[in-house]
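Data file: protein09.txt. Format and content: compact mmCIF, C-alpha atoms.
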# COMPACT_ATOMS: atom_id res chain seq x y z
CA MET T 1 25.84 81.09 21.55
CA ILE T 2 27.92 82.32 24.46
CA ASP T 3 30.85 80.33 25.79
CA LEU T 4 29.75 79.06 29.21
CA GLY T 5 33.25 78.02 30.25
CA PRO T 6 34.34 74.91 32.16
CA HIS T 7 31.11 74.74 34.22
CA ALA T 8 28.77 74.74 31.21
CA LEU T 9 27.29 71.37 32.27
CA TYR T 10 26.03 72.85 35.57
CA ILE T 11 24.60 75.96 33.90
CA VAL T 12 22.88 74.06 31.09
CA SER T 13 21.55 71.42 33.52
CA SER T 14 20.03 74.08 35.79
CA TYR T 15 18.25 75.83 32.90
CA LEU T 16 17.06 72.51 31.42
CA GLY T 17 15.81 71.31 34.81
CA VAL T 18 13.90 74.54 35.41
CA THR T 19 12.43 74.44 31.88
CA LEU T 20 11.33 70.83 32.32
CA VAL T 21 9.67 71.36 35.72
CA VAL T 22 7.96 74.62 34.64
CA ALA T 23 6.69 72.91 31.46
CA LEU T 24 5.34 69.98 33.51
CA LEU T 25 3.73 72.42 35.96
CA ILE T 26 1.99 74.31 33.11
CA ILE T 27 0.79 71.02 31.53
CA TRP T 28 -0.47 69.72 34.90
CA VAL T 29 -2.35 72.94 35.73
CA ARG T 30 -3.94 73.15 32.26
CA HIS T 31 -4.83 69.46 32.29
CA GLY T 32 -6.53 69.90 35.67
CA ALA T 33 -8.56 72.84 34.36
CA ARG T 34 -9.64 70.95 31.22
CA LYS T 35 -10.58 67.89 33.26
CA GLN T 36 -12.92 69.88 35.52
CA HIS T 37 -14.48 71.74 32.56
CA ALA T 38 -15.12 68.37 30.86
CA ARG T 39 -16.56 66.94 34.09
CA LEU T 40 -18.99 69.86 34.46
CA SER T 41 -19.97 69.74 30.77
CA GLU T 42 -20.72 66.03 31.15
CA LEU T 43 -22.86 66.70 34.24
CA GLU T 44 -24.76 69.46 32.43
CA ALA T 45 -25.24 67.21 29.41
CA ARG T 46 -26.88 64.68 31.76
CA GLY T 47 -29.26 67.43 32.87
CA ILE T 48 -27.58 68.09 36.21
CA HIS T 49 -27.52 71.87 36.63
CA ARG T 50 -26.94 74.36 39.41
CA ARG T 51 -30.12 75.56 41.12
CA SER T 52 -29.43 79.10 39.87
CA GLY T 53 -29.46 77.83 36.29
CA VAL T 54 -26.11 79.51 35.66
CA SER T 55 -23.54 77.22 34.03
CA ALA T 56 -21.16 75.80 36.66
CA SER T 57 -18.20 76.64 34.40
CA GLU T 58 -19.03 80.36 34.53
CA MET J 1 -40.52 111.06 74.84
CA ASN J 2 -40.32 108.95 71.73
CA ASN J 3 -37.70 106.30 72.44
CA THR J 4 -38.24 104.01 69.47
CA GLN J 5 -35.30 102.58 67.58
CA THR J 6 -35.21 101.24 64.09
CA ILE J 7 -33.70 97.86 63.30
CA PRO J 8 -32.34 97.52 59.77
CA THR J 9 -34.18 94.70 58.03
CA HIS J 10 -32.22 94.75 54.77
CA PRO J 11 -28.99 92.75 54.68
CA ARG J 12 -25.95 95.02 54.61
CA LYS J 13 -24.35 95.41 51.21
CA PRO J 14 -21.09 93.41 51.19
CA ASN J 15 -17.94 95.53 51.03
CA TRP J 16 -15.60 95.50 48.03
CA PHE J 17 -13.33 92.88 49.56
CA SER J 18 -16.19 90.46 50.21
CA ARG J 19 -17.49 90.98 46.67
CA LEU J 20 -14.03 90.50 45.16
CA ALA J 21 -13.35 87.38 47.19
CA ASN J 22 -16.70 85.69 46.56
CA PRO J 23 -15.91 82.51 44.55
CA GLY J 24 -18.58 83.32 41.94
CA VAL J 25 -17.37 86.90 41.52
CA PHE J 26 -13.74 85.67 41.46
CA MET J 27 -14.62 83.33 38.59
CA GLY J 28 -16.03 86.33 36.73
CA TRP J 29 -13.13 88.76 37.02
CA SER J 30 -10.23 86.28 37.07
CA ARG J 31 -11.25 84.93 33.64
CA HIS J 32 -10.25 88.24 32.05
CA TRP J 33 -6.87 88.31 33.82
CA ILE J 34 -5.42 84.96 32.79
CA ARG J 35 -4.62 85.68 29.14
CA PRO J 36 -2.97 89.10 29.74
CA LEU J 37 -1.03 87.64 32.68
CA ALA J 38 0.16 84.69 30.58
CA LEU J 39 1.21 87.02 27.75
CA LEU J 40 3.05 89.32 30.16
CA THR J 41 4.79 86.26 31.66
CA ILE J 42 6.01 85.08 28.23
CA VAL J 43 7.28 88.57 27.27
CA THR J 44 9.02 89.04 30.63
CA PHE J 45 10.65 85.59 30.36
CA ALA J 46 11.87 86.39 26.83
CA ILE J 47 13.47 89.64 28.02
CA GLY J 48 14.85 88.03 31.19
CA LEU J 49 16.40 85.06 29.37
CA TRP J 50 17.91 87.34 26.76
CA TYR J 51 19.56 89.36 29.52
CA ALA J 52 20.51 86.27 31.54
CA LEU J 53 22.12 84.31 28.71
CA PHE J 54 23.25 86.88 26.13
CA ASN J 55 23.43 90.35 27.63
CA SER J 56 25.05 90.08 31.05
CA PRO J 57 28.68 89.75 32.04
CA ALA J 58 30.40 86.89 33.83
CA ASP J 59 31.02 87.52 37.53
CA TYR J 60 34.61 88.41 38.50
CA GLN J 61 34.64 85.57 41.10
CA MET J 62 32.07 83.00 39.96
CA GLY J 63 32.61 83.43 36.24
CA GLU J 64 29.81 82.13 33.99
CA THR J 65 28.17 80.15 36.83
CA VAL J 66 26.58 83.45 37.94
CA ARG J 67 23.97 82.69 35.24
CA ILE J 68 22.57 79.93 37.49
CA MET J 69 21.64 82.70 39.94
CA TYR J 70 19.09 84.03 37.41
CA VAL J 71 17.02 80.86 37.82
CA HIS J 72 18.01 79.97 41.39
CA VAL J 73 17.15 83.22 43.19
CA PRO J 74 13.67 83.63 41.56
CA ASN J 75 12.74 80.08 42.60
CA ALA J 76 14.10 80.63 46.11
CA TRP J 77 12.10 83.89 46.30
CA LEU J 78 8.93 82.13 45.13
CA SER J 79 9.42 79.26 47.58
CA GLN J 80 9.09 81.79 50.42
CA MET J 81 6.58 84.17 48.80
CA VAL J 82 4.15 81.33 48.02
CA TYR J 83 4.31 80.15 51.61
CA GLY J 84 3.68 83.76 52.73
CA ILE J 85 0.55 83.84 50.53
CA MET J 86 -0.56 80.52 52.01
CA ALA J 87 -0.05 81.88 55.55
CA VAL J 88 -2.15 85.00 54.77
CA ALA J 89 -4.83 82.75 53.23
CA ALA J 90 -4.67 80.54 56.34
CA VAL J 91 -5.52 83.60 58.48
CA GLY J 92 -8.42 84.38 56.11
CA SER J 93 -9.59 80.79 56.43
CA LEU J 94 -9.38 80.69 60.23
CA VAL J 95 -10.66 84.20 61.04
CA TRP J 96 -13.29 84.76 58.34
CA ARG J 97 -13.79 81.13 57.23
CA HIS J 98 -13.58 82.40 53.72
CA PRO J 99 -14.02 79.69 51.04
CA LEU J 100 -11.77 81.53 48.58
CA ALA J 101 -8.98 81.61 51.20
CA ASP J 102 -9.21 77.80 51.41
CA VAL J 103 -9.07 77.59 47.62
CA ALA J 104 -6.04 79.94 47.47
CA MET J 105 -4.25 77.93 50.15
CA LYS J 106 -4.89 74.57 48.54
CA SER J 107 -3.99 75.55 44.98
CA ALA J 108 -0.77 77.33 46.02
CA ALA J 109 0.75 74.34 47.86
CA PRO J 110 1.79 72.18 44.85
CA LEU J 111 3.13 75.26 43.04
CA GLY J 112 5.19 76.20 46.11
CA ALA J 113 6.51 72.64 46.33
CA ALA J 114 7.64 72.75 42.68
CA PHE J 115 9.39 76.13 43.05
CA THR J 116 11.11 75.00 46.27
CA ALA J 117 12.29 71.80 44.57
CA LEU J 118 13.73 73.97 41.77
CA ALA J 119 15.45 76.26 44.29
CA LEU J 120 17.11 73.20 45.88
CA PHE J 121 18.02 71.69 42.50
CA THR J 122 19.53 74.85 41.00
CA GLY J 123 21.18 75.71 44.34
CA SER J 124 23.01 72.39 44.43
CA LEU J 125 24.08 72.78 40.78
CA TRP J 126 25.40 76.24 41.62
CA GLY J 127 27.06 75.00 44.82
CA ARG J 128 29.18 72.30 43.14
CA PRO J 129 31.38 74.62 41.03
CA THR J 130 31.25 77.48 43.58
CA TRP J 131 31.77 75.67 46.92
CA GLY J 132 32.95 72.27 45.71
CA THR J 133 29.88 70.43 47.00
CA PHE J 134 26.30 69.80 45.89
CA TRP J 135 24.95 69.84 49.44
CA GLU J 136 25.88 71.05 52.90
CA TRP J 137 23.71 70.65 56.01
CA ASP J 138 23.86 74.35 56.88
CA GLY J 139 21.06 76.65 58.02
CA ARG J 140 19.87 77.97 54.64
CA MET J 141 19.88 74.67 52.76
CA THR J 142 18.44 72.61 55.62
CA SER J 143 15.64 75.10 56.34
CA THR J 144 14.77 75.21 52.61
CA LEU J 145 14.64 71.41 52.55
CA VAL J 146 12.32 71.57 55.59
CA LEU J 147 10.15 74.05 53.64
CA PHE J 148 9.94 71.60 50.72
CA LEU J 149 8.92 68.77 53.08
CA MET J 150 6.29 71.05 54.63
CA TYR J 151 4.81 71.78 51.19
CA ILE J 152 4.71 68.05 50.41
CA GLY J 153 3.07 67.39 53.78
CA LEU J 154 0.42 70.06 53.16
CA VAL J 155 -0.35 68.71 49.68
CA ALA J 156 -0.71 65.21 51.16
CA LEU J 157 -2.89 66.58 53.98
CA TRP J 158 -5.27 68.27 51.51
CA ASN J 159 -5.70 64.94 49.74
CA THR J 160 -6.69 63.17 52.95
CA PHE J 161 -9.76 65.35 53.67
CA ALA J 162 -13.02 64.66 51.85
CA ASP J 163 -14.65 67.51 53.80
CA HIS J 164 -12.73 70.55 52.54
CA ALA J 165 -14.24 73.02 55.04
CA ARG J 166 -13.12 70.96 58.02
CA GLY J 167 -9.79 70.11 56.44
CA ALA J 168 -9.11 73.75 55.62
CA ARG J 169 -9.21 74.83 59.27
CA ILE J 170 -6.82 72.08 60.38
CA ILE J 171 -4.47 72.70 57.43
CA ALA J 172 -4.60 76.46 58.10
CA ILE J 173 -3.31 75.84 61.63
CA PHE J 174 -0.50 73.62 60.29
CA THR J 175 0.33 76.25 57.66
CA LEU J 176 0.58 79.01 60.27
CA VAL J 177 2.76 76.88 62.55
CA GLY J 178 5.04 76.15 59.60
CA ALA J 179 5.34 79.86 58.78
CA ILE J 180 7.93 80.13 61.55
CA ASN J 181 10.34 78.53 59.05
CA ILE J 182 10.20 81.55 56.68
CA PRO J 183 12.14 84.00 58.90
CA ILE J 184 14.52 81.14 59.76
CA ILE J 185 15.29 80.69 56.03
CA LYS J 186 15.63 84.44 55.52
CA PHE J 187 17.95 85.11 58.47
CA SER J 188 19.79 81.76 58.54
CA VAL J 189 22.72 83.26 56.62
CA ASP J 190 23.08 85.96 59.30
CA TRP J 191 22.53 83.74 62.35
CA TRP J 192 24.81 80.80 61.52
CA ASN J 193 28.10 80.19 59.75
CA THR J 194 27.30 79.03 56.27
CA LEU J 195 28.72 78.38 52.84
CA HIS J 196 25.75 80.25 51.40
CA GLN J 197 26.39 83.88 50.48
CA PRO J 198 24.66 86.60 52.53
CA SER J 199 21.33 88.08 51.42
CA ILE J 200 21.60 89.98 48.15
CA VAL J 201 18.63 92.15 49.15
CA THR J 202 19.51 94.45 52.05
CA ALA J 203 18.07 97.64 53.52
CA ARG J 204 20.40 99.56 51.18
CA GLY J 205 19.09 97.77 48.10
CA LEU J 206 20.69 95.12 45.91
CA THR J 207 24.35 94.37 46.65
CA MET J 208 25.41 93.89 43.02
CA PRO J 209 26.14 95.90 39.89
CA ALA J 210 23.27 96.92 37.60
CA SER J 211 24.50 94.62 34.80
CA ILE J 212 23.83 91.59 37.04
CA ALA J 213 20.89 93.04 39.00
CA THR J 214 18.89 93.78 35.82
CA PRO J 215 18.58 90.17 34.53
CA LEU J 216 18.00 88.99 38.08
CA LEU J 217 15.13 91.41 38.71
CA VAL J 218 13.54 90.73 35.30
CA MET J 219 13.72 86.97 35.90
CA MET J 220 12.26 87.39 39.41
CA LEU J 221 9.38 89.35 37.90
CA ALA J 222 8.88 86.69 35.19
CA PHE J 223 8.73 83.84 37.71
CA THR J 224 6.39 85.86 39.96
CA LEU J 225 4.04 86.49 37.01
CA LEU J 226 4.24 82.78 36.13
CA PHE J 227 3.19 81.90 39.65
CA PHE J 228 0.21 84.27 39.62
CA THR J 229 -0.92 82.98 36.21
CA LEU J 230 -0.75 79.36 37.34
CA HIS J 231 -2.28 80.17 40.72
CA PHE J 232 -5.28 81.90 39.12
CA ILE J 233 -5.87 78.90 36.83
CA ALA J 234 -5.39 76.43 39.71
CA MET J 235 -7.81 78.41 41.92
CA ARG J 236 -10.44 78.46 39.18
CA THR J 237 -9.94 74.70 38.68
CA GLU J 238 -10.41 74.08 42.40
CA ILE J 239 -13.66 76.10 42.41
CA LEU J 240 -14.91 74.08 39.42
CA ARG J 241 -13.91 70.84 41.17
CA ARG J 242 -15.94 71.84 44.24
CA ARG J 243 -18.92 72.80 42.10
CA ALA J 244 -18.78 69.44 40.28
CA ASN J 245 -18.52 67.60 43.61
CA THR J 246 -21.55 69.51 44.96
CA LEU J 247 -23.60 68.82 41.81
CA GLU J 248 -22.75 65.11 41.95
CA ARG J 249 -23.60 64.95 45.64
CA GLN J 250 -26.94 66.76 45.10
CA HIS J 251 -27.75 64.47 42.18
CA VAL J 252 -27.06 61.33 44.23
CA LEU J 253 -29.22 62.63 47.09
CA ALA J 254 -32.06 63.65 44.73
CA THR J 255 -31.94 60.25 42.98
CA ALA J 256 -31.99 58.41 46.31
CA ALA J 257 -34.96 60.50 47.51
CA ALA J 258 -36.85 59.88 44.24
CA ASN J 259 -36.18 56.13 44.45
CA LYS J 260 -37.40 56.08 48.04
CA GLN J 261 -40.57 57.94 47.08
CA GLN J 262 -41.13 55.56 44.17
CA ALA J 263 -40.68 52.54 46.46
CA ALA J 264 -43.12 54.03 48.98
CA SER J 265 -45.78 54.65 46.29
CA ASP J 266 -45.30 51.11 44.90
CA ASP J 267 -46.01 49.68 48.36
Give the structure from the file, written as structure tokens.
Amino acid sequence: MIDLGPHALYIVSSYLGVTLVVALLIIWVRHGARKQHARLSELEARGIHRRSGVSASE
Amino acid sequence: MNNTQTIPTHPRKPNWFSRLANPGVFMGWSRHWIRPLALLTIVTFAIGLWYALFNSPADYQMGETVRIMYVHVPNAWLSQMVYGIMAVAAVGSLVWRHPLADVAMKSAAPLGAAFTALALFTGSLWGRPTWGTFWEWDGRMTSTLVLFLMYIGLVALWNTFADHARGARIIAIFTLVGAINIPIIKFSVDWWNTLHQPSIVTARGLTMPASIATPLLVMMLAFTLLFFTLHFIAMRTEILRRRANTLERQHVLATAAANKQQAASDD
């Protein structure tokens, strides 16, 4: 590992903060996508379809 | 003299842009883009981080803290680029009333807010060892904070409208009014005295040696790819959300009509 010098705390904190927020953003976006897919699957399972007959998830 | 004219009775074939931007067509082609984009993002981040942390020199003035620049500048770039995309989408929403423009605008706002928050966070962490302070109310930092507040306001505004079509037009106007802040952020370092360093991107190119410019450019590319990957997924999610809302609404209306008919026949 490289020696980050006397300001290592600032450098490490900035990379950790960015990693944390990007990870949360990815989780949030993926969770949103899964939630809507599940919602549409549940609707289709109840027999509620689009008029075109094409799956709403397509 | 025969003066008859023919009136075309077939609807005109939509042009390539209309076809590409149709929500249904977008769902079709965007599905094939997400995985390659995500893979490219991971590879670019791996290369960028290797350069940023292990294969780039310390700056002769800032020392090792220059490594904060490799995460700060990409987030600052995205904070403005995302707003630019939202402003273009706002024009598409207002002029052509395009549903995909509304979707693009709505799904970009929370991403832009997150990247702007990161630009402010990493900027203050870079400012402390470089300038001796986490924060200064100067043009660049204040206008970036205003940008963050605008993103938060737009996200909140989207959540207040049940009718997305009506909300989109109002939010598009707000978005376009707010776009005035983007040139202010960009030129603030030239217009006012500031602790912030001048723009690193000038008409003559990047004002830094290749050993520092390389990790910076790779990291900027990685963050840009990350944004497009997340934006594609968020747009697809928003389209699915609208479809689910429509199906639920249609189901409620159909059930109500059936119940009414049943009640009428019982009487």
Worksheet entry | Nearest candidate to Ser124 in chain J (options J:Asn15, J:Thr246, J:Ser199, J:Thr144; using only C-alpha atoms) | J:Thr144
Near-Val29 in chain T list (12 Å; only C-alpha atoms; drop same-chain fewer than 3 positions) as an mmCIF file with C-alpha atoms, in the coordinates of the input:
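In the end it all went to result.cif:
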data_model
loop_
_atom_site.group_PDB
_atom_site.id
_atom_site.type_symbol
_atom_site.label_atom_id
_atom_site.label_comp_id
_atom_site.auth_asym_id
_atom_site.auth_seq_id
_atom_site.Cartn_x
_atom_site.Cartn_y
_atom_site.Cartn_z
ATOM 1 C CA VAL T 22 7.960 74.620 34.640
ATOM 2 C CA ALA T 23 6.690 72.910 31.460
ATOM 3 C CA LEU T 24 5.340 69.980 33.510
ATOM 4 C CA LEU T 25 3.730 72.420 35.960
ATOM 5 C CA ILE T 26 1.990 74.310 33.110
ATOM 6 C CA GLY T 32 -6.530 69.900 35.670
ATOM 7 C CA ALA T 33 -8.560 72.840 34.360
ATOM 8 C CA ARG T 34 -9.640 70.950 31.220
ATOM 9 C CA LYS T 35 -10.580 67.890 33.260
ATOM 10 C CA GLN T 36 -12.920 69.880 35.520
ATOM 11 C CA SER J 107 -3.990 75.550 44.980
ATOM 12 C CA ALA J 108 -0.770 77.330 46.020
ATOM 13 C CA PRO J 110 1.790 72.180 44.850
ATOM 14 C CA LEU J 111 3.130 75.260 43.040
ATOM 15 C CA LEU J 226 4.240 82.780 36.130
ATOM 16 C CA PHE J 227 3.190 81.900 39.650
ATOM 17 C CA THR J 229 -0.920 82.980 36.210
ATOM 18 C CA LEU J 230 -0.750 79.360 37.340
ATOM 19 C CA HIS J 231 -2.280 80.170 40.720
ATOM 20 C CA PHE J 232 -5.280 81.900 39.120
ATOM 21 C CA ILE J 233 -5.870 78.900 36.830
ATOM 22 C CA ALA J 234 -5.390 76.430 39.710
ATOM 23 C CA MET J 235 -7.810 78.410 41.920
ATOM 24 C CA ARG J 236 -10.440 78.460 39.180
ATOM 25 C CA THR J 237 -9.940 74.700 38.680
ATOM 26 C CA GLU J 238 -10.410 74.080 42.400
#
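Nearest-residue note for chain T: choosing from J:Ala213, J:Ala109, J:Ile239, J:Ala256, the minimum distance belongs to J:Ile239, counting only C-alpha atoms.
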Closest-contact table, chain J side, partner chain T, 6 Å, counting only C-alpha atoms, as a tab-separated table:
residue	atom	partner	partner_atom	distance
J:Glu64	CA	T:Leu4	CA	5.7
J:Ile68	CA	T:Ile11	CA	5.7
J:Thr122	CA	T:Ser14	CA	5.3
J:Leu125	CA	T:Tyr10	CA	5.6
J:Thr237	CA	T:Ala33	CA	4.9
J:Arg241	CA	T:Gln36	CA	5.8
J:Ala244	CA	T:Leu40	CA	5.8
Using only C-alpha atoms, which residues sit within 8 Å of Gly48 in chain J once same-chain residues fewer than 6 positions away are excluded, as a compact mmCIF listing (two decimals) with C-alpha atoms, in the coordinates of the input?
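The resulting file, result-v7.txt, is reproduced below:
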# COMPACT_ATOMS: atom_id res chain seq x y z
CA PRO J 215 18.58 90.17 34.53
CA LEU J 216 18.00 88.99 38.08
CA VAL J 218 13.54 90.73 35.30
CA MET J 219 13.72 86.97 35.90
CA ALA J 222 8.88 86.69 35.19
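In this structure, CA of Leu225 in chain J sits 15.1 Å away from CA of Gln80 in chain J.
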Given 6 Å of margin on each side, can you work out the centre and size in Å (one decimal) of an axis-aligned box holding every listed atom of range 21-27 of chain T, as AutoDock Vina command-line options?
--center_x 5.2 --center_y 72.3 --center_z 33.7 --size_x 20.9 --size_y 16.6 --size_z 16.5
